[in-house]
$ cat coords_29.cif   # mmCIF, C-alpha atoms and all ligand atoms
data_coords
#
loop_
_atom_site.group_PDB
_atom_site.id
_atom_site.type_symbol
_atom_site.label_atom_id
_atom_site.label_comp_id
_atom_site.auth_asym_id
_atom_site.auth_seq_id
_atom_site.Cartn_x
_atom_site.Cartn_y
_atom_site.Cartn_z
ATOM 1 C CA MET A 1 -5.456 20.056 -18.331
ATOM 2 C CA SER A 2 -5.753 16.333 -17.679
ATOM 3 C CA LYS A 3 -3.129 15.968 -14.967
ATOM 4 C CA PHE A 4 -1.691 18.205 -12.289
ATOM 5 C CA THR A 5 1.640 17.477 -10.622
ATOM 6 C CA CYS A 6 1.790 18.525 -6.981
ATOM 7 C CA LYS A 7 5.023 19.905 -5.542
ATOM 8 C CA CYS A 8 5.279 16.708 -3.446
ATOM 9 C CA GLY A 9 5.537 14.719 -6.698
ATOM 10 C CA HIS A 10 2.050 13.212 -6.621
ATOM 11 C CA VAL A 11 0.285 13.353 -9.993
ATOM 12 C CA ILE A 12 -3.379 14.260 -9.631
ATOM 13 C CA ASN A 13 -5.524 12.838 -12.437
ATOM 14 C CA LEU A 14 -8.153 15.385 -13.435
ATOM 15 C CA ILE A 15 -9.995 13.244 -15.986
ATOM 16 C CA ALA A 16 -12.242 11.424 -13.511
ATOM 17 C CA SER A 17 -15.737 12.836 -13.179
ATOM 18 C CA PRO A 18 -16.755 13.607 -10.548
ATOM 19 C CA ASN A 19 -13.217 14.329 -9.460
ATOM 20 C CA GLU A 20 -12.589 13.790 -5.753
ATOM 21 C CA ASN A 21 -9.596 16.151 -5.880
ATOM 22 C CA GLU A 22 -11.209 19.110 -7.628
ATOM 23 C CA TRP A 23 -13.127 21.594 -5.503
ATOM 24 C CA ARG A 24 -14.692 25.012 -5.974
ATOM 25 C CA LEU A 25 -14.124 27.967 -3.676
ATOM 26 C CA ILE A 26 -16.610 30.816 -3.556
ATOM 27 C CA ARG A 27 -16.999 33.869 -1.327
ATOM 28 C CA GLU A 28 -19.697 33.802 1.348
ATOM 29 C CA GLY A 29 -21.350 36.794 -0.378
ATOM 30 C CA THR A 30 -21.588 34.826 -3.630
ATOM 31 C CA LEU A 31 -23.250 31.962 -1.777
ATOM 32 C CA GLU A 32 -25.782 34.415 -0.296
ATOM 33 C CA ASP A 33 -26.424 35.856 -3.790
ATOM 34 C CA ILE A 34 -27.090 32.327 -5.089
ATOM 35 C CA VAL A 35 -29.503 31.586 -2.239
ATOM 36 C CA SER A 36 -31.353 34.850 -2.930
ATOM 37 C CA ALA A 37 -31.503 34.112 -6.679
ATOM 38 C CA LEU A 38 -32.949 30.669 -5.897
ATOM 39 C CA ASP A 39 -35.527 32.155 -3.496
ATOM 40 C CA GLU A 40 -36.521 34.730 -6.120
ATOM 41 C CA GLY A 41 -36.827 32.104 -8.848
ATOM 42 C CA LYS A 42 -34.015 33.651 -10.917
ATOM 43 C CA ILE A 43 -32.213 30.297 -10.910
ATOM 44 C CA ILE A 44 -34.475 27.407 -11.839
ATOM 45 C CA ASN A 45 -32.109 24.735 -13.089
ATOM 46 C CA GLY A 46 -28.535 23.495 -12.995
ATOM 47 C CA GLU A 47 -27.489 25.322 -16.164
ATOM 48 C CA MET A 48 -28.616 28.674 -14.739
ATOM 49 C CA PHE A 49 -26.863 27.871 -11.476
ATOM 50 C CA LEU A 50 -23.577 27.184 -13.270
ATOM 51 C CA ASP A 51 -23.991 30.351 -15.392
ATOM 52 C CA PHE A 52 -24.535 32.394 -12.236
ATOM 53 C CA LEU A 53 -21.437 30.888 -10.640
ATOM 54 C CA ARG A 54 -19.194 31.388 -13.685
ATOM 55 C CA GLY A 55 -16.340 33.797 -13.015
ATOM 56 C CA LYS A 56 -17.134 33.942 -9.290
ATOM 57 C CA GLU A 57 -15.472 30.689 -8.286
ATOM 58 C CA ILE A 58 -11.884 29.563 -7.838
ATOM 59 C CA THR A 59 -10.912 26.050 -8.906
ATOM 60 C CA VAL A 60 -9.040 24.211 -6.171
ATOM 61 C CA TYR A 61 -7.071 20.993 -6.541
ATOM 62 C CA ARG A 62 -6.441 19.162 -3.285
ATOM 63 C CA CYS A 63 -3.520 16.737 -3.286
ATOM 64 C CA PRO A 64 -4.663 13.427 -1.727
ATOM 65 C CA SER A 65 -1.060 12.643 -0.794
ATOM 66 C CA CYS A 66 0.148 15.741 1.100
ATOM 67 C CA GLY A 67 -3.054 17.771 1.509
ATOM 68 C CA ARG A 68 -1.739 20.845 -0.330
ATOM 69 C CA LEU A 69 -4.392 23.097 -1.816
ATOM 70 C CA HIS A 70 -3.647 24.508 -5.267
ATOM 71 C CA LEU A 71 -5.879 27.492 -6.017
ATOM 72 C CA GLU A 72 -6.257 28.702 -9.591
ATOM 73 C CA GLU A 73 -6.309 32.308 -8.438
ATOM 74 C CA ALA A 74 -3.390 33.761 -10.419
ATOM 75 C CA GLY A 75 -5.048 33.288 -13.836
ATOM 76 C CA ARG A 76 -6.026 30.342 -15.991
ATOM 77 C CA ASN A 77 -3.843 27.322 -15.187
ATOM 78 C CA LYS A 78 -1.758 29.472 -12.816
ATOM 79 C CA PHE A 79 -1.870 28.189 -9.279
ATOM 80 C CA VAL A 80 -1.048 29.473 -5.829
ATOM 81 C CA SER A 81 -0.319 26.580 -3.450
ATOM 82 C CA TYR A 82 -1.037 26.341 0.266
ATOM 83 C CA VAL A 83 0.703 23.767 2.434
ATOM 84 C CA LYS A 84 -1.077 22.090 5.326
ATOM 85 C CA GLU A 85 0.292 23.475 8.578
ATOM 86 C CA VAL A 86 1.751 20.853 10.920
ATOM 87 C CA SER A 87 0.605 21.286 14.495
ATOM 88 C CA ALA A 88 3.232 21.015 17.222
HETATM 89 ZN ZN ZN B 101 1.028 16.777 -2.789
#
$ encode --input "coords_29.cif" --output "structure tokens"
Amino acid sequence: MSKFTCKCGHVINLIASPNENEWRLIREGTLEDIVSALDEGKIINGEMFLDFLRGKEITVYRCPSCGRLHLEEAGRNKFVSYVKEVSA
């Protein structure tokens, strides 16, 4: 997927690397597991780190125009969108 169109109409280009609009979301417990694996020497390089993370992360696209977060949590290339709440 090279582009993602936000519901506001903004087209997010996903080709750029690193991509300012693409984030990763992980559970706190996963982060703690990674820290433990690093402390125990089970992760010694970037490739092992990415292998450890695989399947435990959610890809998030953040629209730079409206601030919506699009989480790939409904399956591959299936997104659930969250709209920024406007404070009164
Ligand atoms: Zn948007």
$ resolve_selection --input "coords_29.cif" --expression "the PyMOL selection byres (((chain A and resi 14-31) around 8) and not hetatm)" --output "short mmCIF file (atom, residue, chain, number, x, y, z; two decimals) with C-alpha atoms, in the frame of the given file"
data_model
loop_
_atom_site.label_atom_id
_atom_site.label_comp_id
_atom_site.auth_asym_id
_atom_site.auth_seq_id
_atom_site.Cartn_x
_atom_site.Cartn_y
_atom_site.Cartn_z
CA MET A 1 -5.46 20.06 -18.33
CA SER A 2 -5.75 16.33 -17.68
CA LYS A 3 -3.13 15.97 -14.97
CA PHE A 4 -1.69 18.20 -12.29
CA ILE A 12 -3.38 14.26 -9.63
CA ASN A 13 -5.52 12.84 -12.44
CA GLU A 32 -25.78 34.42 -0.30
CA ASP A 33 -26.42 35.86 -3.79
CA ILE A 34 -27.09 32.33 -5.09
CA VAL A 35 -29.50 31.59 -2.24
CA LYS A 56 -17.13 33.94 -9.29
CA GLU A 57 -15.47 30.69 -8.29
CA ILE A 58 -11.88 29.56 -7.84
CA THR A 59 -10.91 26.05 -8.91
CA VAL A 60 -9.04 24.21 -6.17
CA TYR A 61 -7.07 20.99 -6.54
CA ARG A 62 -6.44 19.16 -3.28
CA CYS A 63 -3.52 16.74 -3.29
CA PRO A 64 -4.66 13.43 -1.73
#
$ closest_residue --input "coords_29.cif" --among "A:Ile43, A:Leu71, A:Val80, A:Cys66" --to "ligand ZN 101 (chain B)" --atoms "all atoms listed in the file"
A:Cys66
$ resolve_selection --input "coords_29.cif" --expression "the PyMOL selection byres (((not hetatm)) within 7 of (chain B and resi 101))" --output "PDB file with C-alpha atoms, in the frame of the given file"
ATOM      1  CA  CYS A   6       1.790  18.525  -6.981  1.00  0.00           C
ATOM      2  CA  LYS A   7       5.023  19.905  -5.542  1.00  0.00           C
ATOM      3  CA  CYS A   8       5.279  16.708  -3.446  1.00  0.00           C
ATOM      4  CA  GLY A   9       5.537  14.719  -6.698  1.00  0.00           C
ATOM      5  CA  HIS A  10       2.050  13.212  -6.621  1.00  0.00           C
ATOM      6  CA  CYS A  63      -3.520  16.737  -3.286  1.00  0.00           C
ATOM      7  CA  PRO A  64      -4.663  13.427  -1.727  1.00  0.00           C
ATOM      8  CA  SER A  65      -1.060  12.643  -0.794  1.00  0.00           C
ATOM      9  CA  CYS A  66       0.148  15.741   1.100  1.00  0.00           C
ATOM     10  CA  GLY A  67      -3.054  17.771   1.509  1.00  0.00           C
ATOM     11  CA  ARG A  68      -1.739  20.845  -0.330  1.00  0.00           C
TER      12      ARG A  68
END
$ closest_residue --input "coords_29.cif" --among "A:Asn77, A:Tyr82, A:Leu69, A:Phe52" --to "Ser36 of chain A" --atoms "only C-alpha atoms"
A:Phe52
$ atom_distance --input "coords_29.cif" --atom1 "atom CA of Glu73 of chain A" --atom2 "atom CA of Asp51 of chain A"
19.1 Å
$ axis_aligned_box --input "coords_29.cif" --around "segment 15-19 of chain A" --padding-each-side "4 Å" --output "lines of an AutoDock Vina configuration file"
center_x = -13.4
center_y = 12.9
center_z = -12.7
size_x = 14.8
size_y = 10.9
size_z = 14.5
$ atom_distance --input "coords_29.cif" --atom1 "atom CA of Leu53 of chain A" --atom2 "atom CA of Glu40 of chain A"
16.2 Å
$ atom_distance --input "coords_29.cif" --atom1 "atom CA of Lys42 of chain A" --atom2 "atom CA of Glu72 of chain A"
28.2 Å
$ closest_residue --input "coords_29.cif" --among "A:Glu47, A:Gly55, A:Ala88, A:Asp39" --to "Arg76 of chain A" --atoms "all atoms listed in the file"
A:Gly55
